[in-house]
$ cat coords08.pdb   # PDB, C-alpha atoms
MODEL        1
ATOM      1  CA  MET E 136      90.615 152.254  59.725
ATOM      2  CA  ALA E 137      91.711 148.827  58.488
ATOM      3  CA  SER E 138      91.827 145.444  60.145
ATOM      4  CA  LEU E 139      92.728 141.871  59.341
ATOM      5  CA  LEU E 140      90.413 139.363  61.003
ATOM      6  CA  ALA E 141      90.667 135.593  60.905
ATOM      7  CA  SER E 142      88.998 133.077  63.197
ATOM      8  CA  ASP E 143      91.240 130.327  61.820
ATOM      9  CA  PRO E 144      94.572 130.395  63.723
ATOM     10  CA  ASN E 145      96.279 128.805  60.705
ATOM     11  CA  LYS E 146      95.995 132.175  58.957
ATOM     12  CA  MET E 147      98.557 133.546  61.406
ATOM     13  CA  ASP E 148     101.512 132.086  59.530
ATOM     14  CA  ALA E 149     104.654 133.984  58.534
ATOM     15  CA  ALA E 150     102.868 135.753  55.672
ATOM     16  CA  GLY E 151      99.909 136.658  57.866
ATOM     17  CA  ASN E 152     102.148 138.067  60.565
ATOM     18  CA  GLU E 153     104.039 140.117  57.974
ATOM     19  CA  ILE E 154     100.799 141.609  56.637
ATOM     20  CA  VAL E 155      99.657 142.515  60.147
ATOM     21  CA  SER E 156     103.015 144.131  60.862
ATOM     22  CA  GLU E 157     102.885 146.182  57.657
ATOM     23  CA  LEU E 158      99.344 147.356  58.400
ATOM     24  CA  SER E 159     100.421 148.380  61.881
ATOM     25  CA  ASN E 160     103.301 150.394  60.494
ATOM     26  CA  ILE E 161     101.134 152.091  57.877
ATOM     27  CA  PHE E 162      98.543 153.229  60.376
ATOM     28  CA  GLY E 163     100.996 154.050  63.124
ATOM     29  CA  ARG E 164      99.602 151.530  65.552
ATOM     30  CA  GLN E 165     103.033 150.845  66.947
ATOM     31  CA  GLN E 166     102.819 154.292  68.563
ATOM     32  CA  GLU E 167      99.341 153.840  70.003
ATOM     33  CA  GLU E 168      98.478 152.379  73.351
ATOM     34  CA  THR E 169      97.261 148.817  73.043
ATOM     35  CA  VAL E 170      93.547 148.532  73.754
ATOM     36  CA  GLN E 171      92.241 145.437  75.522
ATOM     37  CA  PRO E 172      88.449 145.483  75.064
ATOM     38  CA  VAL E 173      87.972 142.566  77.464
ATOM     39  CA  SER E 174      90.004 142.135  80.643
ATOM     40  CA  LYS E 175      90.575 138.863  82.468
ATOM     41  CA  ASP E 176      87.960 139.823  85.052
ATOM     42  CA  ASP E 177      85.349 140.286  82.315
ATOM     43  CA  VAL E 178      85.873 136.939  80.583
ATOM     44  CA  ALA E 179      83.263 135.038  82.607
ATOM     45  CA  GLU E 180      80.560 137.605  81.833
ATOM     46  CA  VAL E 181      81.401 137.513  78.131
ATOM     47  CA  LEU E 182      81.214 133.714  78.185
ATOM     48  CA  ARG E 183      77.826 133.717  79.921
ATOM     49  CA  ARG E 184      76.354 136.181  77.450
ATOM     50  CA  ARG E 185      77.754 134.218  74.544
ATOM     51  CA  PHE E 186      76.562 130.754  75.573
ATOM     52  CA  PHE E 187      73.400 131.265  77.647
ATOM     53  CA  LYS E 188      70.024 132.907  77.145
ATOM     54  CA  PRO E 189      69.693 136.255  78.983
ATOM     55  CA  GLU E 190      66.781 135.111  81.140
ATOM     56  CA  SER E 191      68.745 132.101  82.384
ATOM     57  CA  ILE E 192      71.584 134.216  83.818
ATOM     58  CA  ARG E 193      69.695 137.305  84.974
ATOM     59  CA  ASP E 194      69.374 136.254  88.633
ATOM     60  CA  ARG E 195      72.915 135.547  89.735
ATOM     61  CA  GLU E 196      71.844 134.663  93.272
ATOM     62  CA  ALA E 197      70.065 131.635  91.837
ATOM     63  CA  PHE E 198      73.522 130.228  91.099
ATOM     64  CA  ARG E 199      74.719 130.447  94.701
ATOM     65  CA  PRO E 200      73.512 127.002  95.914
ATOM     66  CA  HIS E 201      75.315 125.368  92.984
ATOM     67  CA  VAL E 202      78.447 127.386  93.706
ATOM     68  CA  VAL E 203      78.393 126.447  97.388
ATOM     69  CA  ALA E 204      78.047 122.752  96.526
ATOM     70  CA  ALA E 205      80.936 122.834  94.040
ATOM     71  CA  LEU E 206      83.112 124.907  96.344
ATOM     72  CA  LYS E 207      82.581 122.443  99.174
ATOM     73  CA  GLY E 208      84.285 119.812  97.057
ATOM     74  CA  VAL E 209      87.221 122.114  96.335
ATOM     75  CA  ALA E 210      87.576 123.045 100.010
ATOM     76  CA  GLU E 211      87.708 119.365 100.982
ATOM     77  CA  ILE E 212      90.962 118.904  99.068
ATOM     78  CA  ASP E 213      92.417 122.423  99.300
ATOM     79  CA  GLU E 214      92.994 124.081 102.663
ATOM     80  CA  GLN E 215      93.543 127.553 101.224
ATOM     81  CA  THR E 216      90.130 127.562  99.558
ATOM     82  CA  LYS E 217      88.597 126.547 102.878
ATOM     83  CA  LYS E 218      90.368 129.451 104.611
ATOM     84  CA  GLU E 219      89.237 131.936 101.962
ATOM     85  CA  GLY E 220      85.620 131.105 102.757
ATOM     86  CA  LYS E 221      83.255 133.828 101.551
ATOM     87  CA  ALA E 222      85.864 135.424  99.289
ATOM     88  CA  ALA E 223      86.271 132.154  97.390
ATOM     89  CA  GLU E 224      82.499 131.789  97.175
ATOM     90  CA  GLU E 225      82.145 135.234  95.592
ATOM     91  CA  ARG E 226      84.948 134.527  93.126
ATOM     92  CA  PHE E 227      83.310 131.289  91.988
ATOM     93  CA  LEU E 228      79.890 132.952  91.870
ATOM     94  CA  LYS E 229      81.218 135.733  89.648
ATOM     95  CA  SER E 230      82.551 133.135  87.210
ATOM     96  CA  TYR E 231      79.760 130.527  87.413
ATOM     97  CA  PRO E 232      79.226 128.145  85.643
ATOM     98  CA  PHE E 233      82.795 128.461  84.363
ATOM     99  CA  HIS E 234      85.590 127.431  86.695
ATOM    100  CA  PRO E 235      87.448 130.671  87.502
ATOM    101  CA  ASP E 236      90.836 128.966  87.611
ATOM    102  CA  LEU E 237      90.354 127.542  84.125
ATOM    103  CA  ASN E 238      89.453 131.004  82.850
ATOM    104  CA  ASP E 239      92.594 132.327  84.512
ATOM    105  CA  VAL E 240      94.979 129.796  82.975
ATOM    106  CA  LEU E 241      93.542 130.304  79.489
ATOM    107  CA  TYR E 242      93.665 134.078  79.740
ATOM    108  CA  ALA E 243      96.944 134.434  81.635
ATOM    109  CA  LYS E 244      98.998 131.720  79.918
ATOM    110  CA  TRP E 245      97.420 130.782  76.608
ATOM    111  CA  THR E 246      96.988 134.350  75.406
ATOM    112  CA  GLN E 247     100.801 134.450  75.328
ATOM    113  CA  LEU E 248     100.708 131.915  72.484
ATOM    114  CA  GLU E 249     100.798 133.585  69.104
ATOM    115  CA  ARG E 250      97.930 131.601  67.581
ATOM    116  CA  PHE E 251      95.597 131.767  70.558
ATOM    117  CA  GLN E 252      93.501 134.832  69.854
ATOM    118  CA  LYS E 253      92.888 136.181  73.343
ATOM    119  CA  THR E 254      89.157 136.518  74.102
ATOM    120  CA  ARG E 255      88.215 135.088  70.723
ATOM    121  CA  GLY E 256      90.441 132.096  71.440
ATOM    122  CA  VAL E 257      88.796 131.537  74.827
ATOM    123  CA  LEU E 258      85.330 131.749  73.255
ATOM    124  CA  ARG E 259      86.185 129.340  70.459
ATOM    125  CA  THR E 260      87.772 126.858  72.865
ATOM    126  CA  PHE E 261      84.726 126.769  75.127
ATOM    127  CA  ALA E 262      82.329 126.657  72.175
ATOM    128  CA  LEU E 263      83.975 123.489  70.868
ATOM    129  CA  GLY E 264      84.186 121.923  74.315
ATOM    130  CA  LEU E 265      80.617 122.675  75.374
ATOM    131  CA  ARG E 266      79.174 121.465  72.094
ATOM    132  CA  ASP E 267      80.723 118.017  72.503
ATOM    133  CA  ALA E 268      80.439 117.679  76.285
ATOM    134  CA  GLU E 269      76.769 118.662  76.425
ATOM    135  CA  THR E 270      75.680 115.129  75.533
ATOM    136  CA  TRP E 271      77.557 113.342  78.320
ATOM    137  CA  ASP E 272      79.153 115.618  80.926
ATOM    138  CA  GLU E 273      77.426 116.038  84.307
ATOM    139  CA  SER E 274      80.149 117.956  86.137
ATOM    140  CA  PRO E 275      78.991 120.820  88.394
ATOM    141  CA  LEU E 276      81.238 123.405  86.697
ATOM    142  CA  VAL E 277      82.527 124.005  83.198
ATOM    143  CA  GLY E 278      86.122 122.998  83.733
ATOM    144  CA  THR E 279      88.739 120.834  82.074
ATOM    145  CA  ASN E 280      86.061 118.133  81.845
ATOM    146  CA  VAL E 281      84.707 119.768  78.665
ATOM    147  CA  PHE E 282      87.992 119.059  76.878
ATOM    148  CA  LEU E 283      87.615 115.288  77.273
ATOM    149  CA  GLN E 284      86.356 112.957  74.588
ATOM    150  CA  ALA E 285      83.157 110.981  75.170
ATOM    151  CA  THR E 286      84.082 107.603  76.648
ATOM    152  CA  GLU E 287      82.730 105.663  73.676
ATOM    153  CA  LYS E 288      84.954 107.573  71.238
ATOM    154  CA  ASN E 289      88.669 107.365  70.535
ATOM    155  CA  GLY E 290      91.235 110.111  70.143
ATOM    156  CA  LEU E 291      91.153 113.683  71.363
ATOM    157  CA  ALA E 292      88.010 115.767  71.650
ATOM    158  CA  GLU E 293      87.815 118.573  69.108
ATOM    159  CA  ALA E 294      88.451 121.280  71.710
ATOM    160  CA  ALA E 295      91.552 119.474  72.973
ATOM    161  CA  ARG E 296      92.743 118.942  69.404
ATOM    162  CA  GLU E 297      92.323 122.661  68.755
ATOM    163  CA  LEU E 298      94.457 123.495  71.789
ATOM    164  CA  THR E 299      97.212 121.060  70.831
ATOM    165  CA  THR E 300      97.248 122.524  67.321
ATOM    166  CA  VAL E 301      97.783 125.990  68.768
ATOM    167  CA  ALA E 302     100.580 124.692  71.001
ATOM    168  CA  GLU E 303     102.240 122.810  68.146
ATOM    169  CA  PHE E 304     102.848 126.034  66.230
ATOM    170  CA  GLU E 305     105.045 127.319  69.043
ATOM    171  CA  GLU E 306     108.734 126.756  68.363
ATOM    172  CA  TYR E 307     111.338 125.858  70.969
ATOM    173  CA  ASP E 308     114.972 125.508  69.914
ATOM    174  CA  ASN E 309     113.754 125.979  66.325
ATOM    175  CA  ARG E 310     111.535 122.913  66.563
ATOM    176  CA  ARG E 311     107.835 122.195  66.914
ATOM    177  CA  TYR E 312     106.481 119.347  69.002
ATOM    178  CA  ASP E 313     103.659 116.820  68.742
ATOM    179  CA  TRP E 314     101.500 117.952  71.646
ATOM    180  CA  GLY E 315      98.523 116.067  70.222
ATOM    181  CA  GLY E 316     100.381 112.768  70.416
ATOM    182  CA  ILE E 317     101.751 113.552  73.869
ATOM    183  CA  LEU E 318      98.337 114.451  75.292
ATOM    184  CA  GLU E 319      96.645 111.435  73.726
ATOM    185  CA  GLU E 320      99.264 109.062  75.146
ATOM    186  CA  GLU E 321      98.956 110.505  78.654
ATOM    187  CA  LEU E 322      95.150 110.371  78.535
ATOM    188  CA  LYS E 323      95.312 106.652  77.720
ATOM    189  CA  LYS E 324      97.366 106.077  80.853
ATOM    190  CA  ALA E 325      94.924 108.184  82.872
ATOM    191  CA  GLN E 326      92.003 106.066  81.679
ATOM    192  CA  GLU E 327      93.758 102.904  82.827
ATOM    193  CA  ILE E 328      94.467 104.428  86.238
ATOM    194  CA  GLN E 329      90.874 105.575  86.703
ATOM    195  CA  GLY E 330      89.673 101.995  86.396
ATOM    196  CA  GLU E 331      91.468 101.240  89.664
ATOM    197  CA  TYR E 332      89.742 104.013  91.636
ATOM    198  CA  PRO E 333      85.914 103.930  91.694
ATOM    199  CA  GLY E 334      85.825 107.075  93.854
ATOM    200  CA  LEU E 335      86.839 109.124  90.806
ATOM    201  CA  ALA E 336      83.504 109.215  89.007
ATOM    202  CA  TYR E 337      84.130 112.339  86.934
ATOM    203  CA  ARG E 338      87.308 111.216  85.146
ATOM    204  CA  GLU E 339      89.501 113.296  87.435
ATOM    205  CA  VAL E 340      92.794 111.734  86.323
ATOM    206  CA  GLU E 341      92.046 112.592  82.702
ATOM    207  CA  GLN E 342      91.119 116.079  83.859
ATOM    208  CA  ALA E 343      94.454 116.251  85.666
ATOM    209  CA  VAL E 344      96.289 115.409  82.436
ATOM    210  CA  VAL E 345      94.475 118.181  80.560
ATOM    211  CA  SER E 346      95.029 120.605  83.445
ATOM    212  CA  VAL E 347      98.777 119.967  83.499
ATOM    213  CA  PHE E 348      98.928 120.335  79.716
ATOM    214  CA  LEU E 349      97.157 123.700  79.919
ATOM    215  CA  HIS E 350      99.481 124.902  82.672
ATOM    216  CA  SER E 351     102.548 123.701  80.721
ATOM    217  CA  GLN E 352     102.054 126.329  78.009
ATOM    218  CA  PRO E 353     103.920 128.332  76.903
ATOM    219  CA  ILE E 354     106.721 125.764  76.985
ATOM    220  CA  GLY E 355     108.501 125.867  80.325
ATOM    221  CA  LYS E 356     105.490 126.746  82.474
ATOM    222  CA  GLN E 357     104.162 124.383  85.132
ATOM    223  CA  ALA E 358     101.360 123.832  87.637
ATOM    224  CA  ALA E 359     101.684 123.755  91.397
ATOM    225  CA  THR E 360      99.895 120.858  93.067
ATOM    226  CA  ARG E 361      97.432 123.268  94.643
ATOM    227  CA  GLU E 362      96.520 124.699  91.229
ATOM    228  CA  LEU E 363      95.863 121.182  90.022
ATOM    229  CA  MET E 364      93.717 120.198  93.005
ATOM    230  CA  VAL E 365      91.558 123.323  92.784
ATOM    231  CA  LEU E 366      90.742 122.506  89.162
ATOM    232  CA  LEU E 367      89.765 118.939  90.105
ATOM    233  CA  GLY E 368      87.837 119.467  93.334
ATOM    234  CA  ALA E 369      84.416 120.701  92.211
ATOM    235  CA  SER E 370      83.139 117.176  91.494
ATOM    236  CA  ARG E 371      83.994 116.182  95.095
ATOM    237  CA  PRO E 372      86.389 113.304  94.390
ATOM    238  CA  ASP E 373      87.557 111.096  97.227
ATOM    239  CA  ARG E 374      90.729 112.833  98.380
ATOM    240  CA  ILE E 375      92.656 109.687  99.258
ATOM    241  CA  GLU E 376      91.833 107.995  95.970
ATOM    242  CA  LEU E 377      92.623 111.148  94.008
ATOM    243  CA  GLU E 378      96.047 111.496  95.588
ATOM    244  CA  LYS E 379      96.806 107.812  95.034
ATOM    245  CA  ALA E 380      95.709 108.052  91.405
ATOM    246  CA  LEU E 381      97.806 111.154  90.773
ATOM    247  CA  LYS E 382     100.767 109.468  92.404
ATOM    248  CA  ARG E 383     100.228 106.480  90.146
ATOM    249  CA  TRP E 384     100.315 108.789  87.132
ATOM    250  CA  THR E 385     103.769 110.025  88.134
ATOM    251  CA  GLU E 386     104.897 106.385  88.157
ATOM    252  CA  VAL E 387     103.695 105.450  84.664
ATOM    253  CA  SER E 388     103.753 108.721  82.718
ATOM    254  CA  TRP E 389     106.029 109.013  79.708
ATOM    255  CA  PHE E 390     105.998 112.799  79.425
ATOM    256  CA  LEU E 391     105.715 114.263  82.912
ATOM    257  CA  ASP E 392     108.857 116.335  83.288
ATOM    258  CA  GLU E 393     111.050 114.657  85.900
ATOM    259  CA  ALA E 394     112.834 117.889  86.801
ATOM    260  CA  ALA E 395     109.500 119.562  87.588
ATOM    261  CA  LEU E 396     108.381 116.593  89.685
ATOM    262  CA  GLY E 397     111.544 117.035  91.721
ATOM    263  CA  ALA E 398     112.802 115.063  94.673
ATOM    264  CA  ASP E 399     109.313 114.379  96.029
ATOM    265  CA  GLU E 400     108.537 112.108  93.079
ATOM    266  CA  GLY E 401     108.868 108.524  94.151
ATOM    267  CA  SER E 402     108.939 109.249  97.892
ATOM    268  CA  GLY E 403     106.126 107.189  99.362
ATOM    269  CA  THR E 404     102.674 108.644  98.774
ATOM    270  CA  THR E 405     103.835 112.271  98.673
ATOM    271  CA  LEU E 406     102.674 114.193  95.640
ATOM    272  CA  PRO E 407     105.215 116.352  93.823
ATOM    273  CA  LYS E 408     105.044 120.100  94.342
ATOM    274  CA  ASN E 409     104.954 120.890  90.634
ATOM    275  CA  TRP E 410     103.680 119.278  87.441
ATOM    276  CA  LYS E 411     104.738 119.880  83.863
ATOM    277  CA  LEU E 412     104.251 117.978  80.631
ATOM    278  CA  GLY E 413     107.455 118.026  78.655
ATOM    279  CA  PHE E 414     107.946 117.533  74.946
ATOM    280  CA  LYS E 415     110.785 115.056  75.491
ATOM    281  CA  PRO E 416     110.145 111.486  76.680
ATOM    282  CA  ASN E 417     111.279 110.709  80.206
ATOM    283  CA  LEU E 418     113.305 107.677  81.260
ATOM    284  CA  ARG E 419     110.217 105.454  81.523
ATOM    285  CA  GLN E 420     109.321 106.025  77.889
ATOM    286  CA  MET E 421     112.918 105.486  76.804
ATOM    287  CA  HIS E 422     113.040 102.218  78.761
ATOM    288  CA  ALA E 423     109.744 101.010  77.274
ATOM    289  CA  ASP E 424     110.941 101.932  73.792
ATOM    290  CA  ALA E 425     114.209 100.045  74.297
ATOM    291  CA  ILE E 426     112.390  96.946  75.560
ATOM    292  CA  GLY E 427     110.075  97.121  72.561
ATOM    293  CA  ARG E 428     113.062  96.868  70.206
ATOM    294  CA  VAL E 429     114.377  93.671  71.818
ATOM    295  CA  PRO E 430     113.510  90.586  69.680
ATOM    296  CA  ASP E 431     111.040  88.182  71.267
ATOM    297  CA  ASP E 432     113.490  85.266  71.307
ATOM    298  CA  LEU E 433     116.092  87.374  73.103
ATOM    299  CA  ARG E 434     113.535  88.423  75.703
ATOM    300  CA  ILE E 435     112.941  84.731  76.442
ATOM    301  CA  VAL E 436     116.672  84.107  76.837
ATOM    302  CA  ILE E 437     116.994  87.074  79.185
ATOM    303  CA  ALA E 438     113.963  86.053  81.218
ATOM    304  CA  ALA E 439     114.936  82.363  81.492
ATOM    305  CA  PRO E 440     117.649  82.700  84.188
ATOM    306  CA  PHE E 441     115.255  84.619  86.408
ATOM    307  CA  ALA E 442     112.555  82.007  85.943
ATOM    308  CA  TYR E 443     115.058  79.233  86.726
ATOM    309  CA  THR E 444     116.290  81.008  89.839
ATOM    310  CA  SER E 445     112.733  81.467  91.077
ATOM    311  CA  ALA E 446     111.963  77.795  90.517
ATOM    312  CA  ALA E 447     115.044  76.779  92.436
TER
ENDMDL
END
$ encode --input "coords08.pdb" --output "structure tokens"
Amino acid sequence: MASLLASDPNKMDAAGNEIVSELSNIFGRQQEETVQPVSKDDVAEVLRRRFFKPESIRDREAFRPHVVAALKGVAEIDEQTKKEGKAAEERFLKSYPFHPDLNDVLYAKWTQLERFQKTRGVLRTFALGLRDAETWDESPLVGTNVFLQATEKNGLAEAARELTTVAEFEEYDNRRYDWGGILEEELKKAQEIQGEYPGLAYREVEQAVVSVFLHSQPIGKQAATRELMVLLGASRPDRIELEKALKRWTEVSWFLDEAALGADEGSGTTLPKNWKLGFKPNLRQMHADAIGRVPDDLRIVIAAPFAYTSAA
């Protein structure tokens, strides 16, 4: 038996893929049934065993009060979760302390990316996130919150940077895209929005940005509004403020895909049905870029007639 193991996704370049292919041909693996040692339903248990001491996770019923509290927040902003009742409680309990919907999006979508190494990729992603978030995060579940940078630091957290690096190796129309720059720009806008809504104490708009990014991979995928709300609800945000803040994001974002937002975008306080981060700037970014190229003296000339009219 032979194998080629590498924890560094950068090893999976063209040469690495060719070596793997040749090994597979030599040993006839192309004729064997693919073996998945860990299924999606087993991911939470693997994560618990990897990151927690055995005695701390032995009594699963001890988690139930924490699950009920977190699930109450989700049910307050998602009617379907409220209707699911006990079934939802058992699903969250089985995954606790990891948010089951985050596990699902990583396993169902990100394992389709060539450089995201299935269960090993999930483990590495959470390891990076938990290491950094341990010092500041007080969220009730391990969710997209662990991919945020500490507030006193700039740039992307290491776990988020790792994910953008994986995404950047994916080609679309024979090109690769700067997902790190896109995510960082959108997170800056989210931070500004959060300052306007004190009812969002757990950085829910930033979490929304990360959630939409995760759901937007592989390129072309998107998140339904319900999927977004379920990921954000465990910290019990004020529903009205959350919806207003998300609506505000659609108004200032440079990379939310306008086609995914659809006709609902811009119609009063209604949230769009779908969310997707695109790799191409939308009209708002193009407008801001064009304004930025206008010389200062010309801006004054353009603005003067409007100022004069107002004075009159």
$ residues_around --input "coords08.pdb" --residues "Ala395 of chain E" --least-positions-apart "6" --cutoff "12 Å" --atoms "only C-alpha atoms" --output "count of residues only"
18
$ closest_residue --input "coords08.pdb" --among "E:Leu265, E:Ala197, E:Ser174, E:Gln215" --to "Ala243 of chain E" --atoms "all atoms listed in the file"
E:Ser174
$ resolve_selection --input "coords08.pdb" --expression "the PyMOL selection byres ((chain E and resi 232) around 9)" --output "list in words"
Ala179, Arg183, Phe198, His201, Val202, Phe227, Leu228, Lys229, Ser230, Tyr231, Phe233, His234, Pro235, Pro275, Leu276, Val277 and Gly278 of chain E
$ resolve_selection --input "coords08.pdb" --expression "the PyMOL selection byres ((chain E and resi 309-325) around 8)" --output "PDB file with C-alpha atoms, keeping the file's coordinate frame"
ATOM      1  CA  GLY E 290      91.235 110.111  70.143  1.00  0.00           C
ATOM      2  CA  LEU E 291      91.153 113.683  71.363  1.00  0.00           C
ATOM      3  CA  ARG E 296      92.743 118.942  69.404  1.00  0.00           C
ATOM      4  CA  THR E 299      97.212 121.060  70.831  1.00  0.00           C
ATOM      5  CA  THR E 300      97.248 122.524  67.321  1.00  0.00           C
ATOM      6  CA  ALA E 302     100.580 124.692  71.001  1.00  0.00           C
ATOM      7  CA  GLU E 303     102.240 122.810  68.146  1.00  0.00           C
ATOM      8  CA  PHE E 304     102.848 126.034  66.230  1.00  0.00           C
ATOM      9  CA  GLU E 305     105.045 127.319  69.043  1.00  0.00           C
ATOM     10  CA  GLU E 306     108.734 126.756  68.363  1.00  0.00           C
ATOM     11  CA  TYR E 307     111.338 125.858  70.969  1.00  0.00           C
ATOM     12  CA  ASP E 308     114.972 125.508  69.914  1.00  0.00           C
ATOM     13  CA  GLN E 326      92.003 106.066  81.679  1.00  0.00           C
ATOM     14  CA  GLU E 327      93.758 102.904  82.827  1.00  0.00           C
ATOM     15  CA  ILE E 328      94.467 104.428  86.238  1.00  0.00           C
ATOM     16  CA  GLN E 329      90.874 105.575  86.703  1.00  0.00           C
ATOM     17  CA  VAL E 340      92.794 111.734  86.323  1.00  0.00           C
ATOM     18  CA  GLU E 341      92.046 112.592  82.702  1.00  0.00           C
ATOM     19  CA  VAL E 344      96.289 115.409  82.436  1.00  0.00           C
ATOM     20  CA  VAL E 345      94.475 118.181  80.560  1.00  0.00           C
ATOM     21  CA  PHE E 348      98.928 120.335  79.716  1.00  0.00           C
ATOM     22  CA  TRP E 384     100.315 108.789  87.132  1.00  0.00           C
ATOM     23  CA  VAL E 387     103.695 105.450  84.664  1.00  0.00           C
ATOM     24  CA  SER E 388     103.753 108.721  82.718  1.00  0.00           C
ATOM     25  CA  TRP E 389     106.029 109.013  79.708  1.00  0.00           C
ATOM     26  CA  PHE E 390     105.998 112.799  79.425  1.00  0.00           C
ATOM     27  CA  PHE E 414     107.946 117.533  74.946  1.00  0.00           C
TER      28      PHE E 414
END
$ atom_distance --input "coords08.pdb" --atom1 "atom CA of His350 of chain E" --atom2 "atom CA of Leu237 of chain E"
9.6 Å
